[in-house]
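**Q** Following this message is one structure expressed as structure tokens.
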Amino acid sequence: MEIQYFCRLTPLGEYFLGGEKTFDFGNAKADSKNNYFIHSEEEISQATVLGMLRFVMLKKNQLLSDGWKDQSKVQEQNALIGKTGFSINENQNTLCDYGKLKSISPVLVYQGEKALVHMPLNHKVYKVNNEEKQKNQKYTPFRMKEAGYSDIGEMTWLPEDFVAKDGLSYDYMQPEDKTIVEKGAVFQKQNRTRVSKVSQEDGFFKKTYQFLGKGYSFGFYATMEEDWCKEEEITDEIVYLGQEKSAFLLSFEKKEQTDLFAAWDDNTDKAYQIYYTLSDTYLANFAEIKETLCYGIIDKKSYRFLTKKAGADYVCSRKMSERFQFVKAGSIFYVRKEREQDFIRALSMNQLQQIGFNYVRKMGD
């Protein structure tokens, strides 16, 4: 029998989550460290949460190895958390074996008990009221209009009320009532100057740390087999995440996941259907996706993942994966209705969805 937990991660201070400019494993060459201004990612990645949960599962069952070469508990470890880690490969439609951990939902920001999602990028930032420019306080999608036929004879659409000077919104939204929560209220920054131990030049560099505003936390749902741990052991746990082992409080609550967008009307009478990326989403073949669209408003980010190879010790056994381009959460696709199934099929990658990537949903206009 499977059971679902709501897992909350509350930072116990400022935190630093490494990104593309800070990703190294101890043996990096000097020329890979010549970044004089490096900053923490704001949100915890899905792959980080997967690794954290598997570690906590081992710890709560007293199955952590005593050193890198300790092989005495391998069979029990494999039964509990599976043999392999996460990777992106050609077999994305085959579910991974993570033992008694079955799936993870997208990691979201929480304001108390309310989930926040990334503002859809088709949000119109400002409105004009009596010739005065004011910020929209609720999600207000662009009005789309037909823009003529493309060179292959298909109708294209454009947002008729987009104002380039207003830009796009990277705030957050309460999905229940579409109220906007400004990003500056959620994430705040702290700059610190550090000294590099390996630089041959000026050894000073600046790091930007993140911390959450009061009352905010991260949260996600995990589906596990009921006997993954003794009931009395399912207690709060302090975990350490990121390049600098930032401390977070992890809590578990038995709770079924609900549809955040249940009250939304996802119908449209246009020739397109809007799709919104709730989580970061990997597109294996963007050319294939592009053929299904009449318009899109997307932003991208780079991902690398920690992978394992044969090695004599822990440091030598780790390496970076190749760089993958993901579409950021909040991106919008206007999909031709006659190509909807092709679009859905291109994004349906079970291994990625198993750990919270590639979650998309319909939206109305």
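In the structure tokens, chains take the letters A, B, ... in the order shown, each chain's residues start at 1, and ligands count up from 1 in the order shown.
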Please return as a PyMOL selection string: the residues of stretch 86-252 of chain A that backbone DSSP assigns to strand (DSSP E).
**A** chain A and resi 101-104+108-111+114-118+126-129+132-135+144-149+155-159+172-174+179-181+187-195+204-212+216-225+237-241+246-252
**Q** Hey, can you spit out that residue selection with C-alpha atoms as a short mmCIF file (atom, residue, chain, number, x, y, z; two decimals), in the first residue's frame?
**A**
data_model
loop_
_atom_site.label_atom_id
_atom_site.label_comp_id
_atom_site.auth_asym_id
_atom_site.auth_seq_id
_atom_site.Cartn_x
_atom_site.Cartn_y
_atom_site.Cartn_z
CA LEU A 101 9.97 6.00 -2.86
CA LYS A 102 7.50 6.07 -5.75
CA SER A 103 7.16 9.68 -6.86
CA ILE A 104 7.74 13.34 -5.97
CA LEU A 108 6.61 24.85 -4.69
CA VAL A 109 6.91 27.89 -2.46
CA TYR A 110 4.39 28.00 0.39
CA GLN A 111 3.03 31.06 2.16
CA LYS A 114 -1.05 28.23 0.74
CA ALA A 115 0.93 27.09 -2.27
CA LEU A 116 2.35 29.70 -4.64
CA VAL A 117 3.11 29.02 -8.29
CA HIS A 118 5.22 30.89 -10.80
CA TYR A 126 0.31 46.90 -15.97
CA LYS A 127 -3.10 48.33 -16.76
CA VAL A 128 -4.06 51.91 -17.58
CA ASN A 129 -6.77 53.37 -15.37
CA GLU A 132 -2.65 56.29 -14.87
CA LYS A 133 -0.47 53.19 -15.11
CA GLN A 134 -1.15 50.69 -12.34
CA LYS A 135 0.09 47.16 -11.63
CA MET A 144 -4.28 37.28 -28.33
CA LYS A 145 -5.10 38.18 -31.93
CA GLU A 146 -4.63 36.52 -35.28
CA ALA A 147 -1.48 37.79 -36.97
CA GLY A 148 -1.77 36.23 -40.40
CA TYR A 149 -0.50 33.07 -41.99
CA MET A 155 -2.39 30.91 -38.72
CA THR A 156 -0.15 32.58 -36.16
CA TRP A 157 -1.21 34.53 -33.07
CA LEU A 158 0.36 37.44 -31.16
CA PRO A 159 -0.45 39.23 -27.88
CA TYR A 172 4.31 34.40 -7.83
CA MET A 173 0.60 33.73 -7.74
CA GLN A 174 -1.92 32.14 -5.39
CA THR A 179 -3.68 37.02 -6.45
CA ILE A 180 -0.11 38.15 -7.17
CA VAL A 181 2.63 37.82 -4.53
CA PHE A 187 13.11 35.81 -1.74
CA GLN A 188 15.65 38.18 -0.27
CA LYS A 189 19.39 38.33 -0.85
CA GLN A 190 22.54 38.76 1.20
CA ASN A 191 25.88 39.52 -0.49
CA ARG A 192 29.11 38.32 1.10
CA THR A 193 32.72 38.69 0.04
CA ARG A 194 34.88 35.56 0.14
CA VAL A 195 38.50 34.62 -0.60
CA PHE A 204 38.38 37.94 -3.73
CA PHE A 205 34.93 37.07 -5.05
CA LYS A 206 31.37 37.87 -4.08
CA LYS A 207 28.62 35.36 -3.30
CA THR A 208 24.92 36.10 -3.12
CA TYR A 209 23.04 34.02 -0.54
CA GLN A 210 19.27 33.63 -0.43
CA PHE A 211 16.83 33.60 2.44
CA LEU A 212 13.06 33.38 2.54
CA TYR A 216 7.52 31.24 3.61
CA SER A 217 8.85 27.73 3.05
CA PHE A 218 9.22 25.10 0.33
CA GLY A 219 6.91 22.12 0.03
CA PHE A 220 6.24 19.05 -2.10
CA TYR A 221 4.37 15.75 -1.97
CA ALA A 222 6.11 12.37 -1.81
CA THR A 223 4.41 9.05 -2.47
CA MET A 224 5.98 6.11 -0.61
CA GLU A 225 5.23 2.56 0.34
CA GLU A 237 14.70 16.04 10.47
CA ILE A 238 17.41 18.65 9.91
CA VAL A 239 18.89 18.17 6.44
CA TYR A 240 21.79 19.90 4.71
CA LEU A 241 21.42 20.94 1.08
CA SER A 246 22.76 24.90 4.19
CA ALA A 247 20.46 23.70 6.97
CA PHE A 248 16.74 23.08 6.39
CA LEU A 249 14.08 21.61 8.65
CA LEU A 250 12.25 18.75 6.91
CA SER A 251 8.81 17.79 8.24
CA PHE A 252 6.36 15.06 7.18
#
**Q** Based on the backbone DSSP call, show me all residues of stretch 71-110 of chain A assigned alpha helix (DSSP H), as a list in words.
**A**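 Alpha helix (DSSP H) assignments inside stretch 71-110 of chain A correspond to Val74, Gln75, Glu76, Gln77, Asn78, Ala79, Leu80 and Ile81 of chain A.
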**Q** Compare A:Val107, A:Glu113, A:Trp228, A:Gln62 by their minimum atom-to-atom distance to A:Ile81, counting only C-alpha atoms, and give me the closest one.
**A**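 Using only C-alpha atoms, the shortest distance to A:Ile81 belongs to A:Trp228.
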**Q** Point out the residue among A:Ala47, A:Ala79, A:Leu306, A:Ile355 with the least atom-to-atom distance to A:Glu322, counting only C-alpha atoms.
**A** A:Leu306
**Q** Give me the residues within 10 Å of A:Trp264 as a PyMOL selection string, counting only C-alpha atoms and dropping any in the same chain fewer than 6 places off.
**A** chain A and resi 175-178+362-364
**Q** Save out the residues we just selected, N, CA and C atoms, as a PDB file, in the first residue's frame.
**A**
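Okay, part-v1.pdb is ready:
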ATOM      1  N   PRO A 175      -2.852  30.308  -6.730  1.00  0.00           N
ATOM      2  CA  PRO A 175      -3.710  29.790  -7.802  1.00  0.00           C
ATOM      3  C   PRO A 175      -5.197  29.787  -7.468  1.00  0.00           C
ATOM      4  N   GLU A 176      -5.550  29.771  -6.176  1.00  0.00           N
ATOM      5  CA  GLU A 176      -6.963  29.721  -5.816  1.00  0.00           C
ATOM      6  C   GLU A 176      -7.718  30.960  -6.303  1.00  0.00           C
ATOM      7  N   ASP A 177      -7.122  32.139  -6.125  1.00  0.00           N
ATOM      8  CA  ASP A 177      -7.820  33.378  -6.500  1.00  0.00           C
ATOM      9  C   ASP A 177      -7.004  34.248  -7.455  1.00  0.00           C
ATOM     10  N   LYS A 178      -5.871  33.751  -7.928  1.00  0.00           N
ATOM     11  CA  LYS A 178      -5.028  34.434  -8.923  1.00  0.00           C
ATOM     12  C   LYS A 178      -4.388  35.711  -8.392  1.00  0.00           C
ATOM     13  N   LYS A 362      -3.488  22.506 -18.604  1.00  0.00           N
ATOM     14  CA  LYS A 362      -4.248  23.385 -19.471  1.00  0.00           C
ATOM     15  C   LYS A 362      -4.661  24.653 -18.723  1.00  0.00           C
ATOM     16  N   MET A 363      -4.775  25.742 -19.480  1.00  0.00           N
ATOM     17  CA  MET A 363      -5.285  26.985 -18.922  1.00  0.00           C
ATOM     18  C   MET A 363      -6.243  27.613 -19.932  1.00  0.00           C
ATOM     19  N   GLY A 364      -7.265  28.302 -19.434  1.00  0.00           N
ATOM     20  CA  GLY A 364      -8.152  29.057 -20.301  1.00  0.00           C
ATOM     21  C   GLY A 364      -7.584  30.432 -20.569  1.00  0.00           C
TER      22      GLY A 364
END
**Q** Identify, on the basis of only C-alpha atoms, every residue whose closest approach to stretch 86-99 of chain A does not exceed 8 Å; exclude the query and any residue fewer than 2 positions from it along the same chain; express the result as a CSV table (one decimal) with N, CA and C atoms, in the first residue's frame.
**A**
chain,number,residue,atom,x,y,z
A,47,ALA,N,16.0,17.3,-8.5
A,47,ALA,CA,17.0,16.2,-8.3
A,47,ALA,C,17.6,16.3,-6.9
A,78,ASN,N,19.5,-1.1,-1.5
A,78,ASN,CA,18.8,-1.1,-2.8
A,78,ASN,C,17.3,-1.4,-2.7
A,79,ALA,N,16.9,-2.2,-1.7
A,79,ALA,CA,15.5,-2.5,-1.6
A,79,ALA,C,14.8,-1.3,-1.1
A,80,LEU,N,15.4,-0.5,-0.3
A,80,LEU,CA,14.7,0.7,0.3
A,80,LEU,C,14.7,1.9,-0.7
A,81,ILE,N,15.8,2.2,-1.4
A,81,ILE,CA,15.9,3.4,-2.2
A,81,ILE,C,16.2,3.1,-3.6
A,82,GLY,N,16.4,1.9,-4.0
A,82,GLY,CA,16.7,1.6,-5.4
A,82,GLY,C,18.2,1.6,-5.7
A,83,LYS,N,18.7,1.1,-6.8
A,83,LYS,CA,20.1,1.0,-7.1
A,83,LYS,C,20.7,2.2,-7.8
A,84,THR,N,19.9,2.9,-8.6
A,84,THR,CA,20.4,4.0,-9.5
A,84,THR,C,19.9,5.3,-9.1
A,101,LEU,N,10.3,4.6,-2.5
A,101,LEU,CA,10.0,6.0,-2.9
A,101,LEU,C,9.4,5.9,-4.3
A,102,LYS,N,8.2,6.3,-4.5
A,102,LYS,CA,7.5,6.1,-5.7
A,102,LYS,C,7.5,7.3,-6.6
A,305,PHE,N,23.4,17.5,-13.5
A,305,PHE,CA,23.1,16.5,-12.5
A,305,PHE,C,24.3,15.8,-12.0
A,307,THR,N,26.2,12.7,-11.3
A,307,THR,CA,26.2,11.3,-11.7
A,307,THR,C,27.4,10.5,-11.0
A,348,SER,N,5.6,14.0,-22.4
A,348,SER,CA,5.3,12.9,-21.5
A,348,SER,C,6.5,12.0,-21.3
A,349,MET,N,7.3,12.3,-20.3
A,349,MET,CA,8.5,11.6,-20.0
A,349,MET,C,8.4,11.1,-18.6
A,350,ASN,N,8.1,9.8,-18.4
A,350,ASN,CA,7.7,9.3,-17.1
A,350,ASN,C,8.8,9.4,-16.1
A,351,GLN,N,10.1,9.2,-16.5
A,351,GLN,CA,11.2,9.3,-15.5
A,351,GLN,C,11.3,10.8,-14.9
A,352,LEU,N,11.1,11.8,-15.8
A,352,LEU,CA,11.1,13.1,-15.3
A,352,LEU,C,9.9,13.5,-14.5
A,354,GLN,N,8.2,11.5,-12.7
A,354,GLN,CA,8.3,10.7,-11.5
A,354,GLN,C,8.9,11.5,-10.4
**Q** With only C-alpha atoms as the atoms that count, which of A:Val49, A:Ile298, A:Val335, A:Cys7 lies nearest to A:Lys270?
**A**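 Comparing A:Val49, A:Ile298, A:Val335, A:Cys7 against A:Lys270, the winner is A:Val335.
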**Q** Between A:Gly153, A:Gly356, A:Gly242, A:Gly112, which has the minimum distance to A:Thr277 (counting only C-alpha atoms)?
**A**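 Counting only C-alpha atoms, the residue closest to A:Thr277 is A:Gly356.
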**Q** Using only C-alpha atoms, which residue out of A:Asp269, A:Asp161, A:Glu154, A:Asp299 lies closest to A:Lys328?
**A**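 The answer is A:Asp299, which sits nearest to A:Lys328.
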**Q** Near A:Leu58, counting only C-alpha atoms, which residues have an atom at most 9 Å away, once you skip same-chain residues fewer than 5 positions from it, shown as a VMD selection string?
**A** chain A and resid 53 63 to 65 77 80 to 81
**Q** Quick one: distance from atom CA of A:Val74 to atom CA of A:Gln46 in Å, one decimal?
**A** 24.8 Å
**Q** So, with only C-alpha atoms as the atoms that count, which of A:Glu244, A:Glu340, A:Glu232, A:Asp280 lies closest to A:Lys60?
**A**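 Of all the options, A:Glu232 lies closest to A:Lys60.
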